[in-house]
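Participant: So that we are looking at the same thing, I have put the structure below in C-alpha cells.
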Amino acid sequence: MTTPTAPAPVLAVTDPSFSITSDEVKQAREQSWYAVTEYGLAILRYEEVSRLLKHPRLKQGSAAWPAHNGVTEGPFAEWFDSWVLNKEGEEHHRLRRLMNPAFSHKLIAGLVPRFQALAGELIDAFADRGECDFTTEFAEPYAARVIAIMLGLPEDEWEIIARESATLGLALGVTLRQDLPKIEKALERLYEYADALIADRIASPGDDFVSALVKAQRDDDRL
C-alpha cells in the first residue's frame, strides 16, 4: 500500500443518493486505494482490503457503529454490544464455542430437504406467471421461513420475524439515530418473543436450533 501523492478523494456516504456502484466511486478507486468518508476511511481496492483483513491490529469496526451515530446507551446499544460478531478475542471465542453445538452438521443437514422444498413451493406460486417481485415473493418469505424452521416455530409466523427484523435492520443505515425509537420498539417485541420461545424450549426441549442453544454449555459456562 502506497500513500497517494494527491489528496485522497472524499465520498459522502451519508448522502441518500450515494451508490457504491456510481462513477464517483469508480473514479475514486482509480485515483487512490482509499477515500475519506464521514465514518473514516473507505478502502476501495481488493488487494488493500485483503491485506488489511489479515493484519493483526485490525479490529471489528462494526462494534463502534452505534457510537458513530451518537447512540451510546439504551436497549439497542446494549443489545448491539452483546453480538458475538462485535466481540473480540477470548470473549468472541467463548461465545463461538458455546454456540457451535447449534450449528452442528447433523442439525443443519437434516433441514436441507425442507429448505429445498420450501424454495420449490415459493417458486411454484409464481412460475406460471413467468415473473415475480423477487424480494417480496421469494427472498423475504424464504429467509424468514428458514429462520422459523431452524427455530422450530410455526412457519405461518414468518411475517412476524420478517416485519420486526426489517425494522431492526434500520439500525444498519445512516438514519439510525432518527429511527432509534422504532428500532428499540421492534427490539422490545423480539425480546418478548424470544423470551417466550426460550421458556418453552426449557420446559419442552426438541431437536431445533433454539433447544440446542438452550442446552449449550461448556464447563458450567452458558450463553
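Quick note on naming: the chains in the C-alpha cells go A, B, ... in the order shown, residues restart at 1 in each chain, and ligands are numbered from 1 in order of appearance.
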Please extract the residues of range 20-199 of chain A with a backbone DSSP assignment of alpha helix (DSSP H) and present them as a PyMOL selection string.
Facilitator: chain A and resi 23-31+46-53+65-68+75-82+89-99+105-109+112-127+134+140-151+158-168+176-199
Participant: Do you know which residues are at most 12 Å from Leu168 in chain A counting only C-alpha atoms, after dropping those on the same chain fewer than 3 positions away, and could you put them as a ChimeraX atom specification?
Facilitator: /A:76,79-80,161-165,171-173,176,179-191
Participant: Take the residues from that selection and put them in a file with C-alpha atoms, as a PDB file, in the first residue's frame.
Facilitator:
```pdb
ATOM      1  CA  PHE A  76     -30.268  -1.019  21.381  1.00  0.00           C
ATOM      2  CA  TRP A  79     -28.002  -5.390  22.599  1.00  0.00           C
ATOM      3  CA  PHE A  80     -25.662  -4.441  19.752  1.00  0.00           C
ATOM      4  CA  ILE A 161     -39.952 -12.396  12.018  1.00  0.00           C
ATOM      5  CA  ALA A 162     -39.725 -10.526   8.710  1.00  0.00           C
ATOM      6  CA  ARG A 163     -41.503  -7.400   9.957  1.00  0.00           C
ATOM      7  CA  GLU A 164     -39.564  -6.963  13.183  1.00  0.00           C
ATOM      8  CA  SER A 165     -36.245  -7.919  11.594  1.00  0.00           C
ATOM      9  CA  ALA A 171     -30.070   0.201  12.643  1.00  0.00           C
ATOM     10  CA  LEU A 172     -27.511  -0.568   9.939  1.00  0.00           C
ATOM     11  CA  GLY A 173     -28.449   2.529   7.940  1.00  0.00           C
ATOM     12  CA  LEU A 176     -30.018   5.048  12.835  1.00  0.00           C
ATOM     13  CA  ASP A 179     -35.076   5.593  13.512  1.00  0.00           C
ATOM     14  CA  LEU A 180     -33.973   4.630  17.041  1.00  0.00           C
ATOM     15  CA  PRO A 181     -37.480   4.754  18.658  1.00  0.00           C
ATOM     16  CA  LYS A 182     -38.859   2.355  16.025  1.00  0.00           C
ATOM     17  CA  ILE A 183     -35.787   0.138  16.275  1.00  0.00           C
ATOM     18  CA  GLU A 184     -35.965  -0.139  20.061  1.00  0.00           C
ATOM     19  CA  LYS A 185     -39.695  -0.901  19.932  1.00  0.00           C
ATOM     20  CA  ALA A 186     -39.062  -3.734  17.470  1.00  0.00           C
ATOM     21  CA  LEU A 187     -36.221  -4.964  19.692  1.00  0.00           C
ATOM     22  CA  GLU A 188     -38.571  -4.991  22.686  1.00  0.00           C
ATOM     23  CA  ARG A 189     -41.109  -7.092  20.771  1.00  0.00           C
ATOM     24  CA  LEU A 190     -38.407  -9.512  19.618  1.00  0.00           C
ATOM     25  CA  TYR A 191     -37.116  -9.870  23.175  1.00  0.00           C
TER      26      TYR A 191
END
```
Participant: Tell me which protein, DNA and RNA residues are within 12 Å of Phe18 in chain A, counting only C-alpha atoms, leaving out same-chain ones fewer than 6 positions away, and put them as a VMD selection string.
Facilitator: chain A and resid 11 to 12 24 to 25 37 174
Participant: Emit the selected residues as an mmCIF file, in the first residue's frame, including N, CA and C atoms.
Facilitator:
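out_6.cif written:
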```
data_model
loop_
_atom_site.group_PDB
_atom_site.id
_atom_site.type_symbol
_atom_site.label_atom_id
_atom_site.label_comp_id
_atom_site.auth_asym_id
_atom_site.auth_seq_id
_atom_site.Cartn_x
_atom_site.Cartn_y
_atom_site.Cartn_z
ATOM 1 N N LEU A 11 -15.772 10.802 -0.223
ATOM 2 C CA LEU A 11 -17.053 10.225 -0.598
ATOM 3 C C LEU A 11 -18.080 10.528 0.488
ATOM 4 N N ALA A 12 -19.202 11.107 0.102
ATOM 5 C CA ALA A 12 -20.274 11.448 1.045
ATOM 6 C C ALA A 12 -21.224 10.265 1.171
ATOM 7 N N GLU A 24 -18.632 8.011 -9.496
ATOM 8 C CA GLU A 24 -17.833 8.722 -8.494
ATOM 9 C C GLU A 24 -16.920 7.760 -7.741
ATOM 10 N N VAL A 25 -17.463 6.615 -7.345
ATOM 11 C CA VAL A 25 -16.663 5.631 -6.612
ATOM 12 C C VAL A 25 -15.614 5.004 -7.539
ATOM 13 N N THR A 37 -14.366 9.359 4.265
ATOM 14 C CA THR A 37 -15.822 9.446 4.410
ATOM 15 C C THR A 37 -16.151 10.025 5.777
ATOM 16 N N VAL A 174 -27.756 4.810 7.718
ATOM 17 C CA VAL A 174 -27.212 6.082 8.193
ATOM 18 C C VAL A 174 -28.260 6.919 8.928
#
```
Participant: Need to verify the contact set: range 61-66 of chain A, 12 Å, only C-alpha atoms, exclusion of same-chain residues closer than 6 positions in sequence. Can you return it as a PDB file with C-alpha atoms, in the first residue's frame?
Facilitator:
```
ATOM      1  CA  TYR A  39     -17.135   7.490   9.152  1.00  0.00           C
ATOM      2  CA  GLY A  40     -13.424   7.185   8.443  1.00  0.00           C
ATOM      3  CA  LEU A  41     -11.514   5.633   5.564  1.00  0.00           C
ATOM      4  CA  ALA A  42     -13.162   3.590   2.825  1.00  0.00           C
ATOM      5  CA  LEU A  53      -8.187  -8.022   6.822  1.00  0.00           C
ATOM      6  CA  THR A  72     -24.010   5.145  23.306  1.00  0.00           C
ATOM      7  CA  GLU A  73     -26.597   3.873  25.797  1.00  0.00           C
ATOM      8  CA  GLY A  74     -30.048   2.314  25.959  1.00  0.00           C
ATOM      9  CA  PRO A  75     -31.555  -1.047  24.948  1.00  0.00           C
ATOM     10  CA  PHE A  76     -30.268  -1.019  21.381  1.00  0.00           C
ATOM     11  CA  ALA A  77     -26.697  -0.048  22.297  1.00  0.00           C
ATOM     12  CA  GLU A  78     -26.578  -2.786  24.952  1.00  0.00           C
ATOM     13  CA  TRP A  79     -28.002  -5.390  22.599  1.00  0.00           C
ATOM     14  CA  PHE A  80     -25.662  -4.441  19.752  1.00  0.00           C
ATOM     15  CA  ASP A  81     -22.654  -4.656  22.055  1.00  0.00           C
ATOM     16  CA  SER A  82     -23.646  -8.209  23.048  1.00  0.00           C
ATOM     17  CA  TRP A  83     -23.426  -9.606  19.488  1.00  0.00           C
ATOM     18  CA  VAL A  84     -20.822 -12.313  19.074  1.00  0.00           C
ATOM     19  CA  LEU A  85     -19.748 -10.570  15.827  1.00  0.00           C
ATOM     20  CA  ASN A  86     -18.966  -7.425  17.793  1.00  0.00           C
ATOM     21  CA  LYS A  87     -16.799  -9.186  20.366  1.00  0.00           C
ATOM     22  CA  GLU A  88     -13.051  -9.523  20.130  1.00  0.00           C
ATOM     23  CA  LEU A 170     -32.817   0.142  10.016  1.00  0.00           C
ATOM     24  CA  ALA A 171     -30.070   0.201  12.643  1.00  0.00           C
ATOM     25  CA  LEU A 172     -27.511  -0.568   9.939  1.00  0.00           C
ATOM     26  CA  GLY A 173     -28.449   2.529   7.940  1.00  0.00           C
ATOM     27  CA  VAL A 174     -27.212   6.082   8.193  1.00  0.00           C
ATOM     28  CA  THR A 175     -30.561   7.163   9.695  1.00  0.00           C
ATOM     29  CA  LEU A 176     -30.018   5.048  12.835  1.00  0.00           C
ATOM     30  CA  ARG A 177     -30.447   7.919  15.261  1.00  0.00           C
ATOM     31  CA  LEU A 180     -33.973   4.630  17.041  1.00  0.00           C
TER      32      LEU A 180
END
```
Participant: Please measure the separation of CA of Tyr193 in chain A and CA of Ala117 in chain A, giving the value in Å to one decimal.
Facilitator: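 So the answer is 26.8 Å.
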Participant: Taking the backbone alone, and naming residues the way the document does, which bits of range 2-207 of chain A are strand (DSSP E) by DSSP, as number ranges by chain?
Facilitator: A: 34-37, 40-43
Participant: Could the residues in this selection be written to a file with N, CA, C and O atoms, as a PDB file, in the first residue's frame?
Facilitator:
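Contents of selection.pdb, freshly written:
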```pdb
ATOM      1  N   TYR A  34      -7.801   4.354  -1.217  1.00  0.00           N
ATOM      2  CA  TYR A  34      -8.733   4.662  -0.130  1.00  0.00           C
ATOM      3  C   TYR A  34      -9.365   6.031  -0.366  1.00  0.00           C
ATOM      4  O   TYR A  34      -8.873   6.857  -1.123  1.00  0.00           O
ATOM      5  N   ALA A  35     -10.508   6.246   0.302  1.00  0.00           N
ATOM      6  CA  ALA A  35     -11.182   7.544   0.254  1.00  0.00           C
ATOM      7  C   ALA A  35     -11.562   7.935   1.673  1.00  0.00           C
ATOM      8  O   ALA A  35     -11.644   7.098   2.576  1.00  0.00           O
ATOM      9  N   VAL A  36     -11.796   9.213   1.868  1.00  0.00           N
ATOM     10  CA  VAL A  36     -12.217   9.741   3.171  1.00  0.00           C
ATOM     11  C   VAL A  36     -13.740   9.846   3.180  1.00  0.00           C
ATOM     12  O   VAL A  36     -14.348  10.322   2.224  1.00  0.00           O
ATOM     13  N   THR A  37     -14.366   9.359   4.265  1.00  0.00           N
ATOM     14  CA  THR A  37     -15.822   9.446   4.410  1.00  0.00           C
ATOM     15  C   THR A  37     -16.151  10.025   5.777  1.00  0.00           C
ATOM     16  O   THR A  37     -15.265  10.242   6.612  1.00  0.00           O
ATOM     17  N   GLY A  40     -14.807   7.637   8.476  1.00  0.00           N
ATOM     18  CA  GLY A  40     -13.424   7.185   8.443  1.00  0.00           C
ATOM     19  C   GLY A  40     -13.007   6.847   7.023  1.00  0.00           C
ATOM     20  O   GLY A  40     -13.580   7.363   6.058  1.00  0.00           O
ATOM     21  N   LEU A  41     -12.028   5.981   6.885  1.00  0.00           N
ATOM     22  CA  LEU A  41     -11.514   5.633   5.564  1.00  0.00           C
ATOM     23  C   LEU A  41     -12.331   4.521   4.920  1.00  0.00           C
ATOM     24  O   LEU A  41     -12.729   3.564   5.581  1.00  0.00           O
ATOM     25  N   ALA A  42     -12.544   4.645   3.625  1.00  0.00           N
ATOM     26  CA  ALA A  42     -13.162   3.590   2.825  1.00  0.00           C
ATOM     27  C   ALA A  42     -12.072   2.996   1.948  1.00  0.00           C
ATOM     28  O   ALA A  42     -11.434   3.711   1.178  1.00  0.00           O
ATOM     29  N   ILE A  43     -11.837   1.692   2.088  1.00  0.00           N
ATOM     30  CA  ILE A  43     -10.810   1.020   1.290  1.00  0.00           C
ATOM     31  C   ILE A  43     -11.453   0.567  -0.013  1.00  0.00           C
ATOM     32  O   ILE A  43     -12.446  -0.163  -0.004  1.00  0.00           O
TER      33      ILE A  43
END
```
Participant: Which is closest to Ile149 in chain A among A:Val210, A:Leu58, A:Ala196, A:Arg97, if we use only C-alpha atoms?
Facilitator: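 Smallest distance to Ile149 in chain A is found for A:Val210.
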